[in-house]
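Here the structure comes first, spelled out in structure tokens, and everything after it is commentary.
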Amino acid sequence: PPIQNETRRLVRVFAIGGVAISVLFTVLYGWLQSAWLNAFLGGIALSMSLLPEEFPVILTVFMVMGAWRISRAGVLTRRSAAIETLGAATVLCTDKTGTLTENRMTIADVQPADAVLHTASAVSGGAEANQVIAFGRLASQVEPFDPMELAFHLRAEELALEAAIPQDLVHQYPLGSGLLAMTSVWRQPDGSLLAATKGAPEAIAGLCRLSPGIQATVAQSAEQMARQGMRVLGVAKAVLKGDPPGSQHDIPFGFLGLVGLADPIRASVPSAVRECRSAGIRVIMITGDYPATARAIAREAGLDIGDLMSGADVARLDNAVLADRVRTATVFARIQPEQKMRIVQALKANGEIVAMTGDGVNDAPSLKAAHIGIAMGGRGTDVAREASAIVLIQDDFSSIVHTIRLGRRIYDNIRKAMGFVMAAHIPIAGLALLPLALGIPLILFPVHIAFLEMVVDPVSSIAFEAEPEEGDVMSRPPRNPKSPLFSFPLILWSLLQGATVLVATAAIFLIAWKRGMPEAEVRTLAFVTLVEGNIALILAGRSFSTSVLRAFSRPNPVLWTVLGSDAVLLATILSWPTLRELFRFGPLHPDDLVLCLGVGFGMLLALELLKNPFRRALRA
């Protein structure tokens, strides 16, 4: 993933530079001060202060914890790179059934052939309507899994039609890309064969060899039903003599009627679509349904219904023209699984970052081609799940949007943690170099650096990970995937933060040293001031969009637990003589403590004032 490559390059630069500077410091300090032991210890301290070993820890912890947080939202992350890419997604391609809708289909309307062909009013009952239901049930699987077929089974049971249905299944013609219809052939008690088919109205009309005028009438009736948001199927039957033919086209079907199936929109979908729109993410619906059905569902879901394209349109256009059309198209209807791949490639050709949902074996190529493949965990196949980066435990559109929100939060918090680490290392490195420049005693020894690392590591890798999301996380446009993690504003902001803490800490040390305070007490004063500066860096870096006062209202118990533990540990070191001697500290008088707290508050105020010009740039 790009974020790991960028971090690896940065760590490599820091490592080379840190080792070179540390060796140079050791030689110069030992030669100028004639204190080679202190020079060696100072060189070690300087190298520890310059090496950003926290970066790999941050990436590991944030990605693992991010996958855990996303799993709590009902989403499994199969590839950690998807977490990084989520925040950059610009287009979300979703299917309709089971994602936007509840995948709980019911038969809402039945129009027998007479009602369709003679434009009579819709008929919901009667012998003719029951016959349509019965043959729709015969054209379904014996043990159905598909919600449409379940709807036929349930309605047939309600109408007590099961007893009249033969039990000897002879042959089945599956649904194919060339013919959107499936047929089952049953043997009747008298030995004859009964064929039942259901499928797209235009496909059934073609199998029944209806005249062009009658086919137009069937299409008009199907269109009227589809405008109400129903999924429309045609049903037909035939009686065969002899063995089943090799193709469905060779069966003399007779048209029985149309069935409208309703699948309600999930209650959470309209608000989730609005959230995507505010986040600059375009939602595209890709479905195999009738265009009028797709348009009605898209309108109910709150999608921006722009250009609607059918599978025939996609097949007719070349790649260049298709790439131009997908800039405005938001609904794709009557789409074959293999056409999803072309849609994804056309979007990618326009520079979009594409998230794509799918559930079938044929969806695997498009899931693999998308930047973020999202498989349905409930109804998805193993092949689809293996090809995807994310798996929805519950096939719910709002889960996808919630995952995008979490992805943006995780990326934001990584940037905050990285910026804090970079800023925290500057005063440590500066204090390690200061003795060489001014000829004063060493301020920091390896034991001090080790303690500071105990403060920096947990805060950056745990406390920042638990930081709540920014208030504008879903109201800003998607980030540019090519934008670096360490942007120029973030680097400059980190340098200014670190320099502020360095200047304040060095000033305290030099003033105390010039006044003749003992070396141990001066070191204690400087060290406590440095810890206060780190706390100021943490509090100022919690939020890029709000002030530090508002950030206090953002709940983060992990942060306060870590800071409280660090404060107890520091107090123990200062009060326990053995540890105080190990750290080469002197006593910290009450007036010195008040001074450190005052300087810490001053650093926090200065950091907050410095952050104002960077707010907009840091949120980008």
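Chains: A, B, ... in order of the structure tokens. Residues: from 1 per chain. Ligands: from 1, in order shown.
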Got a sec to tell me which of stretch 327-483 of chain A DSSP assigns to alpha helix (DSSP H), as a CSV table (one decimal) with N, CA and C atoms, in the first residue's frame?
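Contents of out_28.csv, as written:
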```csv
chain,number,residue,atom,x,y,z
A,337,PRO,N,-23.6,-9.5,-15.7
A,337,PRO,CA,-22.4,-9.5,-14.8
A,337,PRO,C,-21.1,-9.1,-15.5
A,338,GLU,N,-20.9,-9.6,-16.7
A,338,GLU,CA,-19.7,-9.3,-17.4
A,338,GLU,C,-19.6,-7.8,-17.8
A,339,GLN,N,-20.7,-7.1,-17.9
A,339,GLN,CA,-20.7,-5.7,-18.3
A,339,GLN,C,-20.2,-4.8,-17.1
A,340,LYS,N,-20.3,-5.3,-15.9
A,340,LYS,CA,-19.9,-4.6,-14.7
A,340,LYS,C,-18.4,-4.3,-14.8
A,341,MET,N,-17.7,-5.2,-15.4
A,341,MET,CA,-16.2,-5.0,-15.5
A,341,MET,C,-15.9,-3.8,-16.4
A,342,ARG,N,-16.7,-3.6,-17.5
A,342,ARG,CA,-16.5,-2.5,-18.4
A,342,ARG,C,-16.8,-1.2,-17.7
A,343,ILE,N,-17.9,-1.2,-16.9
A,343,ILE,CA,-18.3,0.0,-16.2
A,343,ILE,C,-17.2,0.4,-15.2
A,344,VAL,N,-16.7,-0.5,-14.5
A,344,VAL,CA,-15.6,-0.2,-13.5
A,344,VAL,C,-14.4,0.3,-14.2
A,345,GLN,N,-14.0,-0.3,-15.3
A,345,GLN,CA,-12.8,0.2,-16.1
A,345,GLN,C,-13.1,1.6,-16.7
A,346,ALA,N,-14.3,1.8,-17.1
A,346,ALA,CA,-14.6,3.2,-17.6
A,346,ALA,C,-14.5,4.2,-16.5
A,347,LEU,N,-15.0,3.9,-15.4
A,347,LEU,CA,-14.9,4.9,-14.2
A,347,LEU,C,-13.4,5.1,-13.9
A,348,LYS,N,-12.6,4.0,-13.8
A,348,LYS,CA,-11.2,4.2,-13.5
A,348,LYS,C,-10.5,5.0,-14.5
A,349,ALA,N,-10.9,4.8,-15.8
A,349,ALA,CA,-10.3,5.6,-16.9
A,349,ALA,C,-10.5,7.1,-16.7
A,364,ALA,N,-16.8,-11.6,-9.8
A,364,ALA,CA,-15.4,-11.6,-9.3
A,364,ALA,C,-14.5,-10.7,-10.1
A,365,PRO,N,-14.5,-10.7,-11.5
A,365,PRO,CA,-13.6,-9.9,-12.2
A,365,PRO,C,-13.8,-8.4,-11.9
A,366,SER,N,-15.1,-7.9,-11.8
A,366,SER,CA,-15.3,-6.5,-11.5
A,366,SER,C,-14.9,-6.2,-10.1
A,367,LEU,N,-15.1,-7.1,-9.1
A,367,LEU,CA,-14.7,-6.9,-7.7
A,367,LEU,C,-13.1,-6.7,-7.7
A,368,LYS,N,-12.5,-7.6,-8.5
A,368,LYS,CA,-11.0,-7.5,-8.5
A,368,LYS,C,-10.5,-6.3,-9.2
A,369,ALA,N,-11.2,-5.8,-10.2
A,369,ALA,CA,-10.8,-4.6,-10.9
A,369,ALA,C,-11.0,-3.3,-10.2
A,382,ASP,N,-18.4,-17.8,-2.4
A,382,ASP,CA,-17.0,-17.9,-2.0
A,382,ASP,C,-16.1,-17.2,-2.9
A,383,VAL,N,-16.3,-17.3,-4.2
A,383,VAL,CA,-15.5,-16.7,-5.2
A,383,VAL,C,-15.5,-15.2,-5.1
A,384,ALA,N,-16.7,-14.7,-4.9
A,384,ALA,CA,-16.8,-13.2,-4.8
A,384,ALA,C,-16.1,-12.7,-3.5
A,385,ARG,N,-16.2,-13.5,-2.5
A,385,ARG,CA,-15.6,-13.0,-1.2
A,385,ARG,C,-14.0,-13.1,-1.4
A,386,GLU,N,-13.5,-14.1,-2.1
A,386,GLU,CA,-12.1,-14.2,-2.2
A,386,GLU,C,-11.6,-13.1,-3.1
A,387,ALA,N,-12.4,-12.6,-4.0
A,387,ALA,CA,-11.9,-11.6,-5.0
A,387,ALA,C,-12.0,-10.2,-4.4
A,397,PHE,N,-26.5,-1.4,2.6
A,397,PHE,CA,-25.8,-0.3,2.0
A,397,PHE,C,-25.3,0.7,3.1
A,398,SER,N,-26.0,0.9,4.2
A,398,SER,CA,-25.5,1.8,5.2
A,398,SER,C,-24.2,1.3,5.9
A,399,SER,N,-24.0,0.0,5.9
A,399,SER,CA,-22.8,-0.6,6.4
A,399,SER,C,-21.6,-0.1,5.6
A,400,ILE,N,-21.8,0.0,4.3
A,400,ILE,CA,-20.7,0.5,3.4
A,400,ILE,C,-20.4,1.9,3.7
A,401,VAL,N,-21.4,2.7,3.9
A,401,VAL,CA,-21.2,4.2,4.2
A,401,VAL,C,-20.5,4.3,5.5
A,402,HIS,N,-20.9,3.5,6.5
A,402,HIS,CA,-20.3,3.6,7.8
A,402,HIS,C,-18.8,3.2,7.7
A,403,THR,N,-18.5,2.2,6.9
A,403,THR,CA,-17.2,1.8,6.7
A,403,THR,C,-16.3,2.9,6.1
A,404,ILE,N,-16.9,3.6,5.1
A,404,ILE,CA,-16.2,4.8,4.5
A,404,ILE,C,-15.9,5.8,5.6
A,405,ARG,N,-16.9,6.1,6.4
A,405,ARG,CA,-16.7,7.0,7.5
A,405,ARG,C,-15.5,6.6,8.4
A,406,LEU,N,-15.5,5.3,8.8
A,406,LEU,CA,-14.4,4.8,9.6
A,406,LEU,C,-13.1,4.9,8.9
A,407,GLY,N,-13.1,4.6,7.6
A,407,GLY,CA,-11.8,4.7,6.9
A,407,GLY,C,-11.2,6.1,6.9
A,408,ARG,N,-12.1,7.1,6.7
A,408,ARG,CA,-11.6,8.4,6.8
A,408,ARG,C,-11.1,8.8,8.2
A,409,ARG,N,-11.8,8.3,9.2
A,409,ARG,CA,-11.4,8.6,10.6
A,409,ARG,C,-10.0,7.9,10.9
A,410,ILE,N,-9.8,6.7,10.4
A,410,ILE,CA,-8.6,6.0,10.6
A,410,ILE,C,-7.4,6.8,10.0
A,411,TYR,N,-7.6,7.2,8.7
A,411,TYR,CA,-6.6,7.9,8.0
A,411,TYR,C,-6.3,9.2,8.7
A,412,ASP,N,-7.3,9.9,9.1
A,412,ASP,CA,-7.1,11.2,9.8
A,412,ASP,C,-6.2,11.0,11.1
A,413,ASN,N,-6.6,9.9,11.8
A,413,ASN,CA,-5.9,9.7,13.1
A,413,ASN,C,-4.4,9.2,12.8
A,414,ILE,N,-4.2,8.5,11.7
A,414,ILE,CA,-2.8,8.2,11.4
A,414,ILE,C,-2.0,9.4,11.1
A,415,ARG,N,-2.6,10.4,10.4
A,415,ARG,CA,-1.9,11.6,10.1
A,415,ARG,C,-1.6,12.4,11.4
A,416,LYS,N,-2.6,12.4,12.3
A,416,LYS,CA,-2.4,13.1,13.6
A,416,LYS,C,-1.2,12.4,14.4
A,417,ALA,N,-1.2,11.1,14.4
A,417,ALA,CA,-0.2,10.4,15.2
A,417,ALA,C,1.2,10.6,14.6
A,418,MET,N,1.2,10.5,13.2
A,418,MET,CA,2.5,10.7,12.6
A,418,MET,C,3.0,12.2,12.8
A,419,GLY,N,2.1,13.1,12.7
A,419,GLY,CA,2.5,14.5,13.0
A,419,GLY,C,3.0,14.7,14.4
A,420,PHE,N,2.3,14.1,15.3
A,420,PHE,CA,2.8,14.2,16.7
A,420,PHE,C,4.2,13.6,16.9
A,421,VAL,N,4.4,12.4,16.4
A,421,VAL,CA,5.7,11.7,16.5
A,421,VAL,C,6.8,12.6,15.9
A,422,MET,N,6.5,13.2,14.7
A,422,MET,CA,7.6,14.0,14.1
A,422,MET,C,7.8,15.2,15.0
A,423,ALA,N,6.8,15.9,15.5
A,423,ALA,CA,7.0,17.0,16.4
A,423,ALA,C,7.7,16.7,17.7
A,424,ALA,N,7.3,15.5,18.3
A,424,ALA,CA,7.9,15.1,19.6
A,424,ALA,C,9.4,14.8,19.5
A,425,HIS,N,9.8,14.4,18.3
A,425,HIS,CA,11.2,14.1,18.2
A,425,HIS,C,12.1,15.3,18.0
A,426,ILE,N,11.6,16.4,17.6
A,426,ILE,CA,12.4,17.6,17.4
A,426,ILE,C,13.0,18.2,18.6
A,427,PRO,N,12.2,18.4,19.7
A,427,PRO,CA,12.8,18.9,20.9
A,427,PRO,C,13.8,17.9,21.6
A,428,ILE,N,13.5,16.6,21.4
A,428,ILE,CA,14.4,15.6,22.0
A,428,ILE,C,15.7,15.7,21.3
A,429,ALA,N,15.7,15.7,20.0
A,429,ALA,CA,16.9,15.8,19.2
A,429,ALA,C,17.7,17.1,19.4
A,430,GLY,N,16.9,18.2,19.5
A,430,GLY,CA,17.5,19.5,19.8
A,430,GLY,C,18.2,19.5,21.1
A,431,LEU,N,17.6,19.0,22.2
A,431,LEU,CA,18.2,19.0,23.5
A,431,LEU,C,19.4,18.1,23.5
A,432,ALA,N,19.4,17.0,22.7
A,432,ALA,CA,20.6,16.2,22.6
A,432,ALA,C,21.7,16.8,21.9
A,433,LEU,N,21.4,17.7,21.0
A,433,LEU,CA,22.5,18.4,20.2
A,433,LEU,C,23.0,19.7,20.9
A,434,LEU,N,22.1,20.3,21.8
A,434,LEU,CA,22.4,21.6,22.4
A,434,LEU,C,23.8,21.6,23.2
A,435,PRO,N,24.1,20.5,24.0
A,435,PRO,CA,25.4,20.5,24.7
A,435,PRO,C,26.6,20.7,23.8
A,436,LEU,N,26.5,20.1,22.6
A,436,LEU,CA,27.6,20.2,21.6
A,436,LEU,C,27.8,21.6,21.2
A,437,ALA,N,26.6,22.3,20.9
A,437,ALA,CA,26.7,23.7,20.4
A,437,ALA,C,27.1,24.7,21.4
A,438,LEU,N,26.7,24.5,22.7
A,438,LEU,CA,26.9,25.5,23.7
A,438,LEU,C,28.0,25.1,24.8
A,446,PRO,N,20.4,8.2,27.7
A,446,PRO,CA,19.6,7.2,27.1
A,446,PRO,C,18.4,6.8,28.0
A,447,VAL,N,18.5,6.8,29.3
A,447,VAL,CA,17.4,6.5,30.2
A,447,VAL,C,16.3,7.5,30.1
A,448,HIS,N,16.6,8.8,29.8
A,448,HIS,CA,15.6,9.8,29.6
A,448,HIS,C,14.8,9.6,28.3
A,449,ILE,N,15.6,9.2,27.3
A,449,ILE,CA,15.0,9.0,26.0
A,449,ILE,C,14.1,7.8,26.1
A,450,ALA,N,14.5,6.7,26.8
A,450,ALA,CA,13.7,5.5,27.0
A,450,ALA,C,12.4,5.9,27.6
A,451,PHE,N,12.4,6.7,28.7
A,451,PHE,CA,11.2,7.1,29.3
A,451,PHE,C,10.3,7.9,28.4
A,452,LEU,N,10.9,8.9,27.6
A,452,LEU,CA,10.1,9.6,26.7
A,452,LEU,C,9.4,8.7,25.6
A,453,GLU,N,10.2,7.7,25.2
A,453,GLU,CA,9.6,6.8,24.2
A,453,GLU,C,8.4,6.0,24.8
A,454,MET,N,8.5,5.8,26.1
A,454,MET,CA,7.4,5.1,26.8
A,454,MET,C,6.1,6.0,26.8
A,455,VAL,N,6.4,7.4,26.7
A,455,VAL,CA,5.3,8.3,26.7
A,455,VAL,C,4.8,8.5,25.2
A,456,VAL,N,5.7,8.6,24.3
A,456,VAL,CA,5.4,8.9,22.9
A,456,VAL,C,4.7,7.7,22.3
A,457,ASP,N,5.3,6.5,22.4
A,457,ASP,CA,4.8,5.3,21.8
A,457,ASP,C,3.3,5.0,22.1
A,458,PRO,N,3.0,4.9,23.4
A,458,PRO,CA,1.6,4.5,23.7
A,458,PRO,C,0.6,5.6,23.3
```
>> Which residues are near A:Leu303? Cut-off 7 Å, only C-alpha atoms, ignore same chain within fewer than 2 positions. Put them as number ranges by chain.
In response: A: 273, 283, 298-299, 301, 305
>> Let me make sure I understand: among A:Thr381, A:Gln4, A:Gln394, A:Ser483, which one has the smallest atom-to-atom distance to A:Asp363 if we use only C-alpha atoms?
In response: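 Once distances to A:Asp363 are computed over only C-alpha atoms, the minimum belongs to A:Thr381.
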>> Would you pick out the contacts of A:Leu559 at 12 Å or less, using only C-alpha atoms, so that residues sharing its chain but fewer than 5 positions from it are not included, and give the list as a ChimeraX atom specification?
In response: /A:455-456,458-468,535,538-539,542,552,554,564-566
Taking N, CA and C atoms for each residue, export the selection above as a PDB file, in the first residue's frame.
```pdb
ATOM      1  N   VAL A 455       6.369   7.358  26.745  1.00  0.00           N
ATOM      2  CA  VAL A 455       5.258   8.307  26.672  1.00  0.00           C
ATOM      3  C   VAL A 455       4.783   8.451  25.235  1.00  0.00           C
ATOM      4  N   VAL A 456       5.749   8.609  24.301  1.00  0.00           N
ATOM      5  CA  VAL A 456       5.407   8.877  22.904  1.00  0.00           C
ATOM      6  C   VAL A 456       4.728   7.675  22.254  1.00  0.00           C
ATOM      7  N   PRO A 458       2.987   4.875  23.420  1.00  0.00           N
ATOM      8  CA  PRO A 458       1.583   4.545  23.718  1.00  0.00           C
ATOM      9  C   PRO A 458       0.606   5.617  23.258  1.00  0.00           C
ATOM     10  N   VAL A 459       1.000   6.885  23.440  1.00  0.00           N
ATOM     11  CA  VAL A 459       0.081   7.963  23.057  1.00  0.00           C
ATOM     12  C   VAL A 459      -0.160   7.953  21.557  1.00  0.00           C
ATOM     13  N   SER A 460       0.933   7.842  20.790  1.00  0.00           N
ATOM     14  CA  SER A 460       0.793   7.925  19.338  1.00  0.00           C
ATOM     15  C   SER A 460       0.122   6.699  18.749  1.00  0.00           C
ATOM     16  N   SER A 461       0.379   5.528  19.317  1.00  0.00           N
ATOM     17  CA  SER A 461      -0.143   4.296  18.715  1.00  0.00           C
ATOM     18  C   SER A 461      -1.458   3.835  19.314  1.00  0.00           C
ATOM     19  N   ILE A 462      -1.829   4.330  20.482  1.00  0.00           N
ATOM     20  CA  ILE A 462      -3.062   3.879  21.120  1.00  0.00           C
ATOM     21  C   ILE A 462      -4.039   5.037  21.315  1.00  0.00           C
ATOM     22  N   ALA A 463      -3.572   6.106  21.965  1.00  0.00           N
ATOM     23  CA  ALA A 463      -4.471   7.206  22.291  1.00  0.00           C
ATOM     24  C   ALA A 463      -4.998   7.900  21.036  1.00  0.00           C
ATOM     25  N   PHE A 464      -4.123   8.165  20.059  1.00  0.00           N
ATOM     26  CA  PHE A 464      -4.591   8.809  18.832  1.00  0.00           C
ATOM     27  C   PHE A 464      -5.481   7.871  18.020  1.00  0.00           C
ATOM     28  N   GLU A 465      -5.236   6.565  18.106  1.00  0.00           N
ATOM     29  CA  GLU A 465      -6.102   5.619  17.391  1.00  0.00           C
ATOM     30  C   GLU A 465      -7.528   5.686  17.912  1.00  0.00           C
ATOM     31  N   ALA A 466      -7.684   5.924  19.210  1.00  0.00           N
ATOM     32  CA  ALA A 466      -9.021   5.978  19.812  1.00  0.00           C
ATOM     33  C   ALA A 466      -9.668   7.345  19.687  1.00  0.00           C
ATOM     34  N   GLU A 467      -8.996   8.270  19.033  1.00  0.00           N
ATOM     35  CA  GLU A 467      -9.545   9.624  18.912  1.00  0.00           C
ATOM     36  C   GLU A 467     -10.817   9.603  18.055  1.00  0.00           C
ATOM     37  N   PRO A 468     -11.905  10.235  18.523  1.00  0.00           N
ATOM     38  CA  PRO A 468     -13.149  10.251  17.728  1.00  0.00           C
ATOM     39  C   PRO A 468     -12.949  10.950  16.395  1.00  0.00           C
ATOM     40  N   ILE A 535       2.746  16.786  26.351  1.00  0.00           N
ATOM     41  CA  ILE A 535       1.311  16.801  26.631  1.00  0.00           C
ATOM     42  C   ILE A 535       0.629  17.903  25.831  1.00  0.00           C
ATOM     43  N   ILE A 538       0.165  16.735  22.337  1.00  0.00           N
ATOM     44  CA  ILE A 538      -0.940  15.782  22.239  1.00  0.00           C
ATOM     45  C   ILE A 538      -2.276  16.506  22.186  1.00  0.00           C
ATOM     46  N   LEU A 539      -2.480  17.431  23.120  1.00  0.00           N
ATOM     47  CA  LEU A 539      -3.764  18.127  23.207  1.00  0.00           C
ATOM     48  C   LEU A 539      -4.001  19.011  21.992  1.00  0.00           C
ATOM     49  N   ARG A 542      -4.960  16.826  18.778  1.00  0.00           N
ATOM     50  CA  ARG A 542      -6.119  15.932  18.794  1.00  0.00           C
ATOM     51  C   ARG A 542      -7.085  16.204  17.649  1.00  0.00           C
ATOM     52  N   PHE A 552     -11.615  19.108  24.077  1.00  0.00           N
ATOM     53  CA  PHE A 552     -11.802  18.513  25.394  1.00  0.00           C
ATOM     54  C   PHE A 552     -13.164  17.850  25.528  1.00  0.00           C
ATOM     55  N   ARG A 554     -14.527  16.096  23.249  1.00  0.00           N
ATOM     56  CA  ARG A 554     -14.503  14.853  22.471  1.00  0.00           C
ATOM     57  C   ARG A 554     -14.059  13.708  23.378  1.00  0.00           C
ATOM     58  N   GLY A 564      -2.649   9.822  32.394  1.00  0.00           N
ATOM     59  CA  GLY A 564      -2.650   9.630  33.843  1.00  0.00           C
ATOM     60  C   GLY A 564      -1.581   8.655  34.287  1.00  0.00           C
ATOM     61  N   SER A 565      -1.404   7.583  33.519  1.00  0.00           N
ATOM     62  CA  SER A 565      -0.367   6.601  33.852  1.00  0.00           C
ATOM     63  C   SER A 565       1.026   7.219  33.733  1.00  0.00           C
ATOM     64  N   ASP A 566       1.238   8.044  32.697  1.00  0.00           N
ATOM     65  CA  ASP A 566       2.530   8.703  32.534  1.00  0.00           C
ATOM     66  C   ASP A 566       2.800   9.676  33.690  1.00  0.00           C
TER      67      ASP A 566
END
```
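Of the residues in stretch 271-396 of chain A, those given strand (DSSP E) by DSSP on the backbone are Arg282, Val283, Ile284, Met285, Ile286, Asp307, Leu308, Met309, Ser310, Ala329, Thr330, Val331, Phe332, Ala333, Val354, Ala355, Met356, Thr357, Gly358, Ile372, Gly373, Ile374, Ala375, Met376, Ile390, Val391 and Leu392 of chain A.
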> Which is closer to A:Thr546 than all the others in A:Val61, A:Ala81, A:Ala267, A:Leu618, using only C-alpha atoms?
Replying inline: A:Leu618
Mind dumping a table of every stretch 43-120 of chain A residue within 8 Å of stretch 125-136 of chain A, with the nearest atom pair and its distance in Å to one decimal, using only C-alpha atoms, sorted by chain and rising number, as a Markdown table?
```
| residue | atom | partner | partner_atom | distance |
| --- | --- | --- | --- | --- |
| A:Val110 | CA | A:Ala129 | CA | 6.1 |
| A:Gln111 | CA | A:Ala129 | CA | 6.7 |
| A:Pro112 | CA | A:Ala129 | CA | 5.6 |
```
> Between atom CA of A:Gln336 and atom CA of A:Gly288, what is the spacing in Å?
Replying inline: 6.6 Å
> Which residues, written as a VMD selection string, have at least one atom at most 10 Å from A:Phe445, with only C-alpha atoms counted and residues fewer than 2 positions away on the same chain left out?
Replying inline: chain A and resid 38 40 to 46 432 442 to 443 447 to 450 583 to 584
>> Nearest residue to A:Glu470 out of A:Val531, A:Ala551, A:Ala504, A:Val562, using only C-alpha atoms?
In response: A:Ala551
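Using only C-alpha atoms, the smallest distance between any of A:Asp250, A:Asp168, A:Glu6, A:Asp318 and A:Leu194 comes from A:Asp168.
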>> Could you tell me how far atom CA of A:Thr529 sits from atom CA of A:Leu593, in Å to one decimal place?
In response: 9.1 Å
>> Can you tell me which residues surround A:Met474 at a distance of at most 7 Å, considering only C-alpha atoms, apart from same-chain residues fewer than 4 positions away, and format the answer as a list in words?
In response: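 My list of contacting residues is Glu275, Ser278, Ala279 and Arg405 of chain A.
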> If you measure from atom CA of A:Gly373 to atom CA of A:Thr357, what distance in Å do you get, rounded to one decimal?
Replying inline: 6.2 Å
> Contacts of A:Arg282 at 12 Å or less, counting only C-alpha atoms, minus same-chain residues fewer than 3 places along, as a ChimeraX atom specification?
Replying inline: /A:89-94,272-279,285,302-306,326-331,347,352-355,401,477-478
